[in-house]
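Containing compact mmCIF, C-alpha atoms: protein_27.txt.
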# COMPACT_ATOMS: atom_id res chain seq x y z
CA MET A 692 66.01 19.96 -26.08
CA ALA A 693 63.49 22.72 -26.74
CA TRP A 694 64.61 22.76 -30.35
CA LYS A 695 64.05 19.01 -30.72
CA ASP A 696 60.54 19.24 -29.27
CA LEU A 697 59.64 22.22 -31.38
CA VAL A 698 60.87 20.52 -34.54
CA ILE A 699 58.82 17.42 -33.72
CA GLU A 700 55.82 19.59 -32.99
CA ARG A 701 56.23 21.60 -36.18
CA ARG A 702 56.43 18.42 -38.25
CA SER A 703 53.51 16.66 -36.65
CA LYS A 704 51.44 19.65 -35.47
CA GLU A 705 49.71 17.03 -33.40
CA THR A 706 49.40 18.86 -30.10
CA LEU A 707 49.00 22.34 -31.53
CA ASN A 708 46.11 21.48 -33.84
CA ALA A 709 44.26 19.58 -31.15
CA LEU A 710 44.78 22.39 -28.63
CA LEU A 711 43.45 25.00 -31.03
CA PHE A 712 40.30 23.02 -31.68
CA PHE A 713 39.97 22.40 -27.98
CA SER A 714 40.13 26.15 -27.29
CA LEU A 715 37.57 26.82 -29.95
CA ALA A 716 35.25 24.19 -28.48
CA LEU A 717 35.81 25.69 -25.04
CA LEU A 718 34.77 29.08 -26.38
CA PHE A 719 31.45 27.63 -27.55
CA VAL A 720 30.91 25.87 -24.24
CA PHE A 721 31.49 29.12 -22.33
CA GLN A 722 29.08 30.91 -24.59
CA PHE A 723 26.36 28.27 -24.16
CA ALA A 724 26.90 28.02 -20.43
CA LEU A 725 26.48 31.74 -19.87
CA GLY A 726 23.88 32.57 -22.49
CA PRO A 727 23.80 35.68 -24.63
CA ASP A 728 23.60 38.22 -21.80
CA ARG A 729 26.42 40.67 -22.61
CA GLU A 730 26.72 42.11 -19.12
CA ARG A 731 27.23 38.76 -17.50
CA LEU A 732 29.63 37.69 -20.20
CA ALA A 733 31.76 40.79 -19.75
CA SER A 734 32.06 40.35 -16.01
CA ALA A 735 33.01 36.69 -16.36
CA LEU A 736 35.44 37.29 -19.18
CA PRO A 737 38.80 37.43 -17.30
CA GLY A 738 37.97 34.20 -15.51
CA LEU A 739 36.91 32.49 -18.74
CA LEU A 740 40.04 33.67 -20.52
CA TRP A 741 42.31 32.20 -17.85
CA LEU A 742 40.23 29.07 -17.56
CA GLY A 743 40.85 28.63 -21.26
CA PHE A 744 44.60 29.25 -20.85
CA ILE A 745 44.91 26.88 -17.91
CA LEU A 746 42.83 24.08 -19.41
CA SER A 747 44.68 24.18 -22.71
CA GLY A 748 47.93 24.46 -20.72
CA VAL A 749 47.04 21.38 -18.67
CA LEU A 750 46.32 19.41 -21.83
CA GLY A 751 49.48 20.57 -23.56
CA LEU A 752 51.79 20.18 -20.58
CA GLY A 753 50.43 16.75 -19.74
CA ARG A 754 51.81 15.61 -23.06
CA ALA A 755 55.21 17.22 -22.59
CA PHE A 756 57.00 13.98 -21.72
CA LEU A 757 54.83 11.65 -23.77
CA VAL A 758 57.20 11.71 -26.73
CA GLU A 759 59.97 10.26 -24.58
CA ARG A 760 57.70 7.73 -22.96
CA GLU A 761 56.10 6.42 -26.12
CA ASN A 762 59.38 6.18 -28.01
CA ASP A 763 61.29 4.62 -25.11
CA CYS A 764 63.66 7.52 -24.89
CA TRP A 765 63.28 7.97 -21.14
CA GLU A 766 66.61 6.24 -20.55
CA ALA A 767 68.22 8.54 -23.09
CA LEU A 768 67.06 11.49 -20.99
CA LEU A 769 68.70 9.91 -17.95
CA LEU A 770 71.94 9.22 -19.78
CA ALA A 771 72.14 12.63 -21.41
CA PRO A 772 75.39 14.29 -20.44
CA GLY A 773 75.47 17.55 -18.57
CA ASP A 774 73.17 19.13 -16.08
CA LYS A 775 69.69 17.63 -15.77
CA SER A 776 68.24 21.07 -15.13
CA ALA A 777 69.07 21.87 -18.77
CA ILE A 778 66.52 19.23 -19.79
CA TYR A 779 63.98 20.89 -17.51
CA LEU A 780 64.63 24.32 -18.97
CA GLY A 781 64.51 22.89 -22.49
CA LYS A 782 61.18 21.21 -21.90
CA LEU A 783 59.93 24.37 -20.21
CA ALA A 784 60.97 26.53 -23.17
CA GLY A 785 59.25 24.17 -25.59
CA SER A 786 56.04 24.23 -23.57
CA LEU A 787 56.22 28.01 -23.25
CA VAL A 788 56.41 28.48 -27.01
CA LEU A 789 53.48 26.13 -27.54
CA MET A 790 51.39 27.77 -24.83
CA THR A 791 52.18 31.26 -26.14
CA VAL A 792 51.01 30.33 -29.62
CA VAL A 793 47.77 28.86 -28.28
CA GLU A 794 47.18 31.78 -25.90
CA THR A 795 47.72 34.35 -28.64
CA LEU A 796 45.10 32.65 -30.78
CA VAL A 797 42.68 32.22 -27.87
CA LEU A 798 43.05 35.89 -27.02
CA GLY A 799 42.35 36.73 -30.65
CA LEU A 800 39.25 34.54 -30.63
CA PHE A 801 38.03 36.23 -27.45
CA VAL A 802 38.48 39.65 -29.03
CA VAL A 803 36.52 38.60 -32.09
CA PHE A 804 33.75 36.55 -30.50
CA PHE A 805 33.17 38.42 -27.26
CA ASP A 806 33.97 41.87 -28.63
CA VAL A 807 36.63 42.70 -26.06
CA ASP A 808 38.25 46.09 -26.30
CA LEU A 809 41.89 45.53 -25.43
CA GLY A 810 43.00 49.05 -26.36
CA ARG A 811 45.49 50.55 -23.95
CA ALA A 812 45.37 47.52 -21.68
CA LEU A 813 47.33 45.38 -24.11
CA PRO A 814 50.93 45.97 -22.89
CA GLY A 815 49.96 45.34 -19.26
CA LEU A 816 47.89 42.36 -20.26
CA LEU A 817 50.84 40.86 -22.13
CA LEU A 818 52.96 41.24 -18.98
CA VAL A 819 50.31 39.48 -16.87
CA ILE A 820 49.94 36.71 -19.45
CA GLY A 821 53.72 36.29 -19.60
CA LEU A 822 54.12 36.03 -15.83
CA GLY A 823 51.14 33.71 -15.50
CA THR A 824 52.24 31.44 -18.34
CA VAL A 825 55.73 31.04 -16.92
CA GLY A 826 54.22 30.06 -13.57
CA ILE A 827 51.83 27.52 -15.10
CA ALA A 828 54.53 26.03 -17.32
CA ALA A 829 57.17 25.89 -14.55
CA VAL A 830 55.07 23.76 -12.17
CA GLY A 831 53.38 22.00 -15.07
CA THR A 832 56.67 20.78 -16.58
CA LEU A 833 57.86 19.54 -13.19
CA PHE A 834 54.62 17.68 -12.45
CA ALA A 835 54.36 16.34 -16.02
CA ALA A 836 57.76 14.68 -15.61
CA MET A 837 56.59 13.31 -12.28
CA THR A 838 53.31 11.86 -13.53
CA ALA A 839 54.70 10.60 -16.86
CA GLN A 840 55.76 7.33 -15.23
CA VAL A 841 52.75 6.87 -12.98
CA ARG A 842 49.58 4.96 -13.69
CA ALA A 843 46.41 7.03 -14.05
CA ARG A 844 48.66 9.84 -15.21
CA GLU A 845 46.01 11.76 -17.18
CA LEU A 846 43.98 11.94 -14.01
CA LEU A 847 46.73 12.57 -11.52
CA PHE A 848 48.40 15.40 -13.44
CA PRO A 849 45.53 17.93 -13.23
CA VAL A 850 44.71 16.78 -9.70
CA LEU A 851 48.23 17.71 -8.58
CA LEU A 852 48.52 20.81 -10.74
CA LEU A 853 45.23 22.68 -10.30
CA PRO A 854 45.30 23.27 -6.51
CA VAL A 855 48.92 24.39 -6.67
CA LEU A 856 48.03 26.87 -9.41
CA VAL A 857 45.33 28.64 -7.38
CA PRO A 858 47.55 31.65 -6.52
CA VAL A 859 48.55 32.06 -10.17
CA LEU A 860 44.93 31.80 -11.28
CA LEU A 861 43.72 34.34 -8.72
CA GLY A 862 46.54 36.76 -9.52
CA THR A 863 46.11 36.62 -13.27
CA VAL A 864 42.33 36.80 -13.23
CA LYS A 865 42.22 39.75 -10.84
CA ALA A 866 44.96 41.60 -12.71
CA THR A 867 43.30 40.94 -16.08
CA GLU A 868 39.98 42.14 -14.72
CA ALA A 869 41.48 45.40 -13.50
CA LEU A 870 43.41 45.98 -16.71
CA LEU A 871 40.35 45.38 -18.87
CA LEU A 872 38.58 48.07 -16.84
CA GLN A 873 41.34 50.38 -18.08
CA GLU A 874 43.00 50.68 -14.70
CA PRO A 875 46.70 51.63 -14.73
CA LEU A 876 49.36 48.96 -14.28
CA ALA A 877 50.30 50.40 -10.88
CA ALA A 878 46.89 49.37 -9.52
CA VAL A 879 47.76 45.72 -9.97
CA ALA A 880 51.38 45.97 -8.81
CA HIS A 881 50.76 43.66 -5.84
CA TRP A 882 49.41 40.95 -8.14
CA LEU A 883 52.38 41.31 -10.47
CA LYS A 884 54.73 40.91 -7.50
CA LEU A 885 52.83 37.83 -6.35
CA LEU A 886 53.00 36.30 -9.83
CA ALA A 887 56.71 37.08 -10.08
CA ALA A 888 57.31 35.52 -6.64
CA ALA A 889 55.37 32.41 -7.69
CA ASP A 890 57.42 32.15 -10.89
CA VAL A 891 60.68 32.42 -8.95
CA VAL A 892 59.62 29.78 -6.40
CA TYR A 893 58.36 27.31 -9.03
CA LEU A 894 61.37 27.79 -11.30
CA ALA A 895 63.82 27.40 -8.43
CA VAL A 896 62.18 24.22 -7.15
CA GLY A 897 61.94 22.89 -10.70
CA ILE A 898 65.61 23.51 -11.49
CA LEU A 899 66.80 22.14 -8.15
CA THR A 900 64.66 19.01 -7.99
CA PHE A 901 64.37 17.95 -11.62
CA ASP A 902 67.31 15.54 -11.50
CA VAL A 903 65.62 13.80 -8.57
CA ILE A 904 62.58 13.10 -10.74
CA LEU A 905 64.58 11.95 -13.74
CA GLU A 906 66.37 9.26 -11.71
CA GLY A 907 63.86 6.68 -12.75
CA MET B 627 59.05 6.82 24.17
CA THR B 628 56.06 6.87 21.82
CA THR B 629 53.83 5.42 24.54
CA LEU B 630 54.95 8.13 26.93
CA LEU B 631 54.09 10.71 24.26
CA GLY B 632 50.66 9.12 23.99
CA TRP B 633 50.01 9.34 27.71
CA LEU B 634 51.24 12.93 27.77
CA ALA B 635 48.83 13.73 24.94
CA ALA B 636 45.94 12.07 26.80
CA LEU B 637 46.81 14.02 29.93
CA GLY B 638 47.02 17.21 27.88
CA LEU B 639 43.61 16.57 26.32
CA VAL B 640 42.04 16.12 29.75
CA ALA B 641 43.67 19.35 30.90
CA GLY B 642 42.46 21.00 27.70
CA LEU B 643 38.88 19.89 28.36
CA VAL B 644 39.05 21.16 31.93
CA MET B 645 40.43 24.49 30.74
CA GLY B 646 37.98 24.80 27.84
CA PHE B 647 34.80 23.79 29.67
CA GLY B 648 35.63 24.44 33.33
CA VAL B 649 38.05 27.29 33.77
CA ALA B 650 37.33 29.43 30.72
CA PRO B 651 34.19 31.55 31.15
CA ARG B 652 31.15 31.45 28.92
CA GLU B 653 31.58 33.99 26.16
CA VAL B 654 29.13 36.86 26.45
CA THR B 655 27.90 37.29 22.88
CA GLN B 656 28.47 33.87 21.31
CA GLY B 657 27.68 31.72 24.33
CA ASN B 658 28.95 28.18 24.67
CA VAL B 659 29.47 27.86 20.92
CA GLN B 660 32.64 29.87 21.30
CA ARG B 661 34.27 27.01 23.23
CA ILE B 662 34.81 25.12 19.98
CA MET B 663 37.56 27.65 19.35
CA TYR B 664 39.74 25.73 21.82
CA VAL B 665 39.90 22.91 19.27
CA HIS B 666 39.42 24.91 16.08
CA VAL B 667 42.35 27.31 16.42
CA PRO B 668 44.99 24.92 17.87
CA ALA B 669 44.11 22.36 15.16
CA VAL B 670 45.16 24.70 12.37
CA TRP B 671 48.38 25.63 14.22
CA VAL B 672 49.25 21.96 14.64
CA ALA B 673 48.43 21.31 10.97
CA TYR B 674 50.79 24.01 9.75
CA LEU B 675 53.43 22.85 12.21
CA ALA B 676 53.08 19.35 10.73
CA PHE B 677 53.44 20.70 7.18
CA ALA B 678 56.59 22.55 8.25
CA VAL B 679 57.96 19.27 9.63
CA GLY B 680 56.95 17.63 6.35
CA LEU B 681 58.85 20.28 4.37
CA VAL B 682 62.04 19.84 6.42
CA ALA B 683 61.78 16.04 6.26
CA SER B 684 61.22 16.16 2.47
CA ILE B 685 64.32 18.29 1.95
CA ALA B 686 66.28 16.05 4.31
CA TYR B 687 65.18 12.98 2.37
CA LEU B 688 66.29 14.42 -0.97
CA ALA B 689 69.64 15.40 0.55
CA ARG B 690 70.47 12.21 2.44
CA ARG B 691 68.05 9.60 1.10
CA ARG B 692 67.31 8.04 4.48
CA PRO B 693 64.00 6.13 4.42
CA GLY B 694 63.29 7.43 7.93
CA ALA B 695 63.05 11.01 6.65
CA ASP B 696 60.60 9.91 3.97
CA ARG B 697 58.40 8.14 6.51
CA LEU B 698 58.47 11.22 8.73
CA ALA B 699 57.44 13.43 5.78
CA HIS B 700 54.63 11.05 4.86
CA ALA B 701 53.35 10.78 8.43
CA ALA B 702 53.62 14.52 9.10
CA CYS B 703 51.75 15.53 5.94
CA GLU B 704 49.05 12.95 6.60
CA VAL B 705 48.54 14.05 10.20
CA GLY B 706 48.63 17.70 9.10
CA THR B 707 45.85 17.01 6.59
CA VAL B 708 43.75 15.32 9.29
CA PHE B 709 44.16 18.28 11.66
CA LEU B 710 43.35 20.71 8.87
CA GLY B 711 40.21 18.68 8.19
CA LEU B 712 39.38 18.91 11.89
CA ASN B 713 39.87 22.67 11.69
CA ILE B 714 37.55 22.97 8.68
CA ALA B 715 34.89 20.75 10.26
CA THR B 716 34.90 22.56 13.62
CA GLY B 717 34.90 25.88 11.77
CA ALA B 718 31.78 24.87 9.86
CA ILE B 719 30.06 23.75 13.07
CA TRP B 720 30.94 27.08 14.67
CA GLY B 721 30.01 29.07 11.58
CA LYS B 722 26.44 27.75 11.29
CA PRO B 723 25.10 29.29 14.56
CA THR B 724 27.46 32.29 14.50
CA TRP B 725 27.57 33.42 10.87
CA GLY B 726 24.39 31.59 9.86
CA THR B 727 26.16 29.48 7.25
CA TRP B 728 28.32 26.35 7.17
CA TRP B 729 30.64 27.76 4.62
CA THR B 730 31.49 31.08 3.03
CA TRP B 731 34.15 31.89 0.42
CA ASP B 732 35.96 34.17 2.81
CA ALA B 733 39.72 34.57 2.50
CA ARG B 734 40.91 32.38 5.33
CA LEU B 735 38.37 29.64 4.77
CA THR B 736 39.28 29.52 1.11
CA SER B 737 43.02 29.46 1.66
CA VAL B 738 42.74 26.67 4.22
CA ALA B 739 40.53 24.73 1.82
CA VAL B 740 43.05 25.15 -1.01
CA VAL B 741 45.90 23.95 1.24
CA PHE B 742 43.73 21.01 2.30
CA VAL B 743 43.11 19.99 -1.32
CA MET B 744 46.80 20.44 -2.12
CA PHE B 745 47.81 17.96 0.56
CA LEU B 746 45.00 15.56 -0.38
CA ALA B 747 46.63 15.53 -3.82
CA TYR B 748 49.96 14.79 -2.10
CA LEU B 749 48.46 11.78 -0.36
CA LEU B 750 46.86 10.71 -3.65
CA LEU B 751 50.28 10.76 -5.34
CA ARG B 752 51.66 8.68 -2.47
CA GLY B 753 49.00 6.09 -3.09
CA ALA B 754 49.41 6.07 -6.88
CA ILE B 755 53.06 4.98 -7.02
CA GLU B 756 53.88 1.37 -6.23
CA ASP B 757 57.65 1.65 -6.36
CA ARG B 758 58.52 2.77 -2.85
CA GLU B 759 61.74 4.58 -3.60
CA ARG B 760 60.37 6.50 -6.57
CA GLY B 761 57.22 7.36 -4.63
CA ALA B 762 59.38 8.78 -1.88
CA ARG B 763 61.30 11.00 -4.29
CA TYR B 764 58.23 12.29 -6.13
CA ALA B 765 56.35 12.90 -2.92
CA ALA B 766 59.30 14.82 -1.50
CA VAL B 767 59.30 17.14 -4.52
CA LEU B 768 55.54 17.63 -4.33
CA GLY B 769 55.76 18.16 -0.56
CA ILE B 770 58.30 20.94 -1.08
CA VAL B 771 56.22 22.63 -3.80
CA ALA B 772 53.04 22.38 -1.71
CA ALA B 773 54.63 23.71 1.47
CA LEU B 774 56.31 26.62 -0.33
CA ASN B 775 53.01 27.34 -2.04
CA ILE B 776 51.19 27.91 1.28
CA PRO B 777 52.34 31.55 1.68
CA LEU B 778 51.47 32.27 -1.96
CA VAL B 779 48.00 30.80 -1.46
CA HIS B 780 47.51 32.89 1.68
CA PHE B 781 48.52 36.19 0.12
CA SER B 782 46.59 35.64 -3.09
CA VAL B 783 43.40 34.59 -1.33
CA TYR B 784 43.74 37.37 1.23
CA TRP B 785 43.93 40.01 -1.49
CA TRP B 786 41.14 38.29 -3.33
CA ARG B 787 38.71 38.93 -0.47
CA THR B 788 38.49 39.04 3.29
CA LEU B 789 35.79 39.27 5.94
CA HIS B 790 37.05 36.86 8.57
CA GLN B 791 37.81 38.47 11.90
CA PRO B 792 41.52 39.28 12.01
CA PRO B 793 43.73 36.86 13.97
CA SER B 794 43.67 38.00 17.58
CA LEU B 795 46.85 36.30 18.78
CA LEU B 796 49.52 36.12 16.10
CA LYS B 797 49.64 39.78 15.22
CA PRO B 798 51.86 42.67 16.15
CA GLY B 799 51.08 44.47 19.39
CA SER B 800 49.62 43.12 22.56
CA SER B 801 46.97 40.42 22.58
CA THR B 802 43.36 41.53 22.96
CA MET B 803 42.37 38.20 24.46
CA PRO B 804 41.51 37.87 28.16
CA PRO B 805 44.29 35.90 29.94
CA VAL B 806 41.97 33.04 30.96
CA ILE B 807 40.87 32.36 27.42
CA LEU B 808 44.43 32.69 26.17
CA ALA B 809 45.61 30.18 28.78
CA ALA B 810 42.87 27.72 27.80
CA LEU B 811 43.82 28.14 24.16
CA LEU B 812 47.51 27.52 24.82
CA VAL B 813 46.84 24.45 27.00
CA ASN B 814 44.72 23.01 24.21
CA PHE B 815 47.39 23.87 21.68
CA ALA B 816 49.98 21.99 23.74
CA ALA B 817 47.58 19.04 24.05
CA LEU B 818 46.83 18.89 20.32
CA ALA B 819 50.51 19.35 19.46
CA LEU B 820 51.36 16.37 21.70
CA LEU B 821 48.55 14.39 20.10
CA GLY B 822 49.82 15.33 16.64
CA ALA B 823 53.37 14.31 17.54
CA TYR B 824 52.05 11.02 18.93
CA PHE B 825 50.08 10.35 15.72
CA VAL B 826 53.14 11.16 13.58
CA ALA B 827 55.37 8.84 15.61
CA ARG B 828 52.80 6.02 15.45
CA ARG B 829 52.14 6.53 11.75
CA ALA B 830 55.85 6.53 10.92
CA ARG B 831 56.19 3.29 12.89
CA VAL B 832 53.29 1.70 10.99
CA LEU B 833 54.89 2.76 7.69
CA ALA B 834 58.16 1.18 8.76
CA VAL B 835 56.43 -2.10 9.65
CA GLU B 836 54.55 -2.02 6.32
CA GLU B 837 57.81 -1.61 4.44
CA GLU B 838 59.41 -4.45 6.36
CA ALA B 839 56.46 -6.70 5.61
CA LEU B 840 56.58 -5.89 1.90
CA ALA B 841 60.36 -6.14 1.61
What does this structure look like when you write it as structure tokens?
Amino acid sequence: MAWKDLVIERRSKETLNALLFFSLALLFVFQFALGPDRERLASALPGLLWLGFILSGVLGLGRAFLVERENDCWEALLLAPGDKSAIYLGKLAGSLVLMTVVETLVLGLFVVFFDVDLGRALPGLLLVIGLGTVGIAAVGTLFAAMTAQVRARELLFPVLLLPVLVPVLLGTVKATEALLLQEPLAAVAHWLKLLAAADVVYLAVGILTFDVILEG
Amino acid sequence: MTTLLGWLAALGLVAGLVMGFGVAPREVTQGNVQRIMYVHVPAVWVAYLAFAVGLVASIAYLARRRPGADRLAHAACEVGTVFLGLNIATGAIWGKPTWGTWWTWDARLTSVAVVFVMFLAYLLLRGAIEDRERGARYAAVLGIVAALNIPLVHFSVYWWRTLHQPPSLLKPGSSTMPPVILAALLVNFAALALLGAYFVARRARVLAVEEEALA
């Protein structure tokens, strides 16, 4: 499943290209909104970074089930043999790869444009980004399947997703902020635990309830 | 049965008013403003109770697929949202004279607001799906995610910042509250819980009638 989506994505590059330009545009918007004041920019940076991740994630995830919908393959998903949770995990893996690519590039752009010094914080930061991305993608994939068949889906998807993601957003932003101030990883241990707990909850609910959503 | 529940709730509300305005003394520092607590605090308890009922009913619906469980989940989450709104509104009314502001991004205010928005989204999803059976399934999944998310929201927002006075009742150790005030609070809690149960029963009944009419 993940392989199929990745192959489609690699051939068309439709979502990836659009997401990259979106992130770039977002970067400009942030810059214009905050002005050139370096101090203010630095203090807002973790929030901006995760806002970028989440917004590009919302756009990317919202499209996760569009391929099936547009090509009338929804029934094929239903008829697919085996466990339905495999489809969920496949879709999740595909979205994770896509999000990771976009996030890596966004992080790179932030380093270049906002002159961020990652330095020793990088390994911890990667852990935070990993935990946060899994959380976003786990709920996002579940809700994307849910809203794929509903009218006003582009609107409903972020409306459902964003409030649920508040704990993930708070955890990642606070942890990123501390790590960028060169604090040790142990100082953000409680946030890492929270993010891990959120990932476990979202993944478990996703795996257990996905067949219920696929029913029709 | 439902009518009896309604009368019990009405009786409880009268008793709650008597306790809140008559029996309970005027608070020394805050004055009469403090009496809004007898609605404010029980409302949030009833709301979370309703969301817990909604969680159980959602799981039960996915397991057994009885329409009754779905209607219970729908009614409970809707009533819970209303009581949470009541809690936020009374909190703002209390906050203006006491803290000097309607709203502050304090930990408990924020977490309650996030939960409120989460369940508004739940009700929005309910309204967006025409197919009844599919709506029931999707809403059950969202109800489970939202209810399980409540503790995560609370912890994250609590660590994010806090200045709210710590809960004085649901904490380890003995209560610091004078017995009269505690009694008034509990009577009002019972009254609002009865009222909530009455609303849920009525709402579930209305949903059933709606479904019959559309079927």
Could you give me, as JSON lines, a per-residue list for chain A showing, wherever an atom lies at most 10 Å from an atom of chain B, the closest pair of atoms and their distance in Å to one decimal, using all atoms listed in the file and sorting by chain then residue number from low to high?
{"residue": "A:Val830", "atom": "CA", "partner": "B:Val771", "partner_atom": "CA", "distance": 8.5}
{"residue": "A:Leu833", "atom": "CA", "partner": "B:Val767", "partner_atom": "CA", "distance": 9.1}
{"residue": "A:Phe834", "atom": "CA", "partner": "B:Leu768", "partner_atom": "CA", "distance": 8.2}
{"residue": "A:Ala836", "atom": "CA", "partner": "B:Tyr764", "partner_atom": "CA", "distance": 9.8}
{"residue": "A:Met837", "atom": "CA", "partner": "B:Tyr764", "partner_atom": "CA", "distance": 6.4}
{"residue": "A:Thr838", "atom": "CA", "partner": "B:Leu751", "partner_atom": "CA", "distance": 8.8}
{"residue": "A:Gln840", "atom": "CA", "partner": "B:Ile755", "partner_atom": "CA", "distance": 9.0}
{"residue": "A:Val841", "atom": "CA", "partner": "B:Ile755", "partner_atom": "CA", "distance": 6.3}
{"residue": "A:Arg842", "atom": "CA", "partner": "B:Ala754", "partner_atom": "CA", "distance": 6.9}
{"residue": "A:Ala843", "atom": "CA", "partner": "B:Ala754", "partner_atom": "CA", "distance": 7.8}
{"residue": "A:Arg844", "atom": "CA", "partner": "B:Ala754", "partner_atom": "CA", "distance": 9.2}
{"residue": "A:Leu847", "atom": "CA", "partner": "B:Leu751", "partner_atom": "CA", "distance": 7.4}
{"residue": "A:Phe848", "atom": "CA", "partner": "B:Leu751", "partner_atom": "CA", "distance": 9.5}
{"residue": "A:Pro849", "atom": "CA", "partner": "B:Ala747", "partner_atom": "CA", "distance": 9.8}
{"residue": "A:Val850", "atom": "CA", "partner": "B:Ala747", "partner_atom": "CA", "distance": 6.3}
{"residue": "A:Leu851", "atom": "CA", "partner": "B:Ala747", "partner_atom": "CA", "distance": 5.5}
{"residue": "A:Leu852", "atom": "CA", "partner": "B:Met744", "partner_atom": "CA", "distance": 8.8}
{"residue": "A:Leu853", "atom": "CA", "partner": "B:Met744", "partner_atom": "CA", "distance": 8.6}
{"residue": "A:Pro854", "atom": "CA", "partner": "B:Met744", "partner_atom": "CA", "distance": 5.4}
{"residue": "A:Val855", "atom": "CA", "partner": "B:Met744", "partner_atom": "CA", "distance": 6.4}
{"residue": "A:Leu856", "atom": "CA", "partner": "B:Val779", "partner_atom": "CA", "distance": 8.9}
{"residue": "A:Val857", "atom": "CA", "partner": "B:Val779", "partner_atom": "CA", "distance": 6.8}
{"residue": "A:Pro858", "atom": "CA", "partner": "B:Val779", "partner_atom": "CA", "distance": 5.2}
{"residue": "A:Val859", "atom": "CA", "partner": "B:Ser782", "partner_atom": "CA", "distance": 8.2}
{"residue": "A:Leu860", "atom": "CA", "partner": "B:Ser782", "partner_atom": "CA", "distance": 9.2}
{"residue": "A:Leu861", "atom": "CA", "partner": "B:Ser782", "partner_atom": "CA", "distance": 6.5}
{"residue": "A:Gly862", "atom": "CA", "partner": "B:Ser782", "partner_atom": "CA", "distance": 6.5}
{"residue": "A:Lys865", "atom": "CA", "partner": "B:Trp786", "partner_atom": "CA", "distance": 7.7}
{"residue": "A:His881", "atom": "CA", "partner": "B:Trp785", "partner_atom": "CA", "distance": 8.9}
{"residue": "A:Trp882", "atom": "CA", "partner": "B:Ser782", "partner_atom": "CA", "distance": 7.9}
{"residue": "A:Leu885", "atom": "CA", "partner": "B:Leu778", "partner_atom": "CA", "distance": 7.2}
{"residue": "A:Leu886", "atom": "CA", "partner": "B:Leu778", "partner_atom": "CA", "distance": 9.0}
{"residue": "A:Ala888", "atom": "CA", "partner": "B:Leu778", "partner_atom": "CA", "distance": 8.2}
{"residue": "A:Ala889", "atom": "CA", "partner": "B:Leu778", "partner_atom": "CA", "distance": 6.9}
{"residue": "A:Val892", "atom": "CA", "partner": "B:Leu774", "partner_atom": "CA", "distance": 7.6}
{"residue": "A:Tyr893", "atom": "CA", "partner": "B:Val771", "partner_atom": "CA", "distance": 7.3}
{"residue": "A:Val896", "atom": "CA", "partner": "B:Val771", "partner_atom": "CA", "distance": 7.0}
{"residue": "A:Gly897", "atom": "CA", "partner": "B:Val767", "partner_atom": "CA", "distance": 8.8}
{"residue": "A:Leu899", "atom": "CA", "partner": "B:Val767", "partner_atom": "CA", "distance": 9.7}
{"residue": "A:Thr900", "atom": "CA", "partner": "B:Val767", "partner_atom": "CA", "distance": 6.7}
{"residue": "A:Phe901", "atom": "CA", "partner": "B:Val767", "partner_atom": "CA", "distance": 8.8}
{"residue": "A:Val903", "atom": "CA", "partner": "B:Arg763", "partner_atom": "CA", "distance": 6.7}
{"residue": "A:Ile904", "atom": "CA", "partner": "B:Tyr764", "partner_atom": "CA", "distance": 6.4}
{"residue": "A:Leu905", "atom": "CA", "partner": "B:Tyr764", "partner_atom": "CA", "distance": 9.9}
{"residue": "A:Glu906", "atom": "CA", "partner": "B:Arg760", "partner_atom": "CA", "distance": 8.4}
{"residue": "A:Gly907", "atom": "CA", "partner": "B:Arg760", "partner_atom": "CA", "distance": 7.1}
9 Å contact set for stretch 804-818 of chain B, only C-alpha atoms, chain neighbours under 6 positions out, as an MDAnalysis selection string = chainID B and resid 634:646 649:651 663:665 667:669 671:672 795
query = Could you work out how far atom CA of A:Asp902 lies from atom CA of B:Ala678, giving the answer in Å with one decimal?
reply = 23.5 Å
inquiry  = Need to verify the contact set: A:Leu739, 10 Å, all atoms listed in the file, exclusion of same-chain residues closer than 6 positions in sequence. Can you return it as a PyMOL selection string?
reply    = chain A and resi 717-718+721-722+732-733+745+801+864
message = Around (31.3, 33.1, 15.4), as given in the file, which residues come within 8 Å? Count only C-alpha atoms and list them as a PyMOL selection string.
response = chain B and resi 656+659-660+720-721+723-725
query = Neighbours of A:Gly743 within 12 Å (all atoms listed in the file; same-chain residues fewer than 2 positions away dropped), as a PyMOL selection string?
reply = chain A and resi 710-721+736-741+745-750+790+793-798+800-801+860+864
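Nearest to B:Gly711 of all the residues B:Arg690, B:Arg829, B:His666, B:Arg758 is B:His666, counting only C-alpha atoms.
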Distance in Å - atom CA of B:Leu833 versus atom CA of B:Arg752 = 12.2 Å
note = re atom CA of A:Ala866 and atom CA of A:Phe804: distance 21.6 Å
message = Using all atoms listed in the file for the distances, tell me which of A:Ile827, A:Leu789, A:Ala878, A:Leu809 is nearest to A:Val698.
response = A:Leu789
query = Pick from A:Ala895, A:Leu783, A:Ala724, A:Val819: nearest to A:Leu876, with all atoms listed in the file counted?
reply = A:Val819
Exercise on stretch 830-841 of chain A, axis-aligned box with 8 Å per side, report centre and edge lengths in Å to one decimal, as JSON:
{"center_x": 55.3, "center_y": 15.3, "center_z": -14.5, "size_x": 21.1, "size_y": 32.9, "size_z": 20.7}
ask   = If we count all atoms listed in the file, what is near A:Lys782 at a cut-off of 12 Å, once residues fewer than 2 positions away on the same chain are taken out, given as a ChimeraX atom specification?
value = /A:692-697,751-759,768,775-780,784-789,828-833,835-836,897-898,901
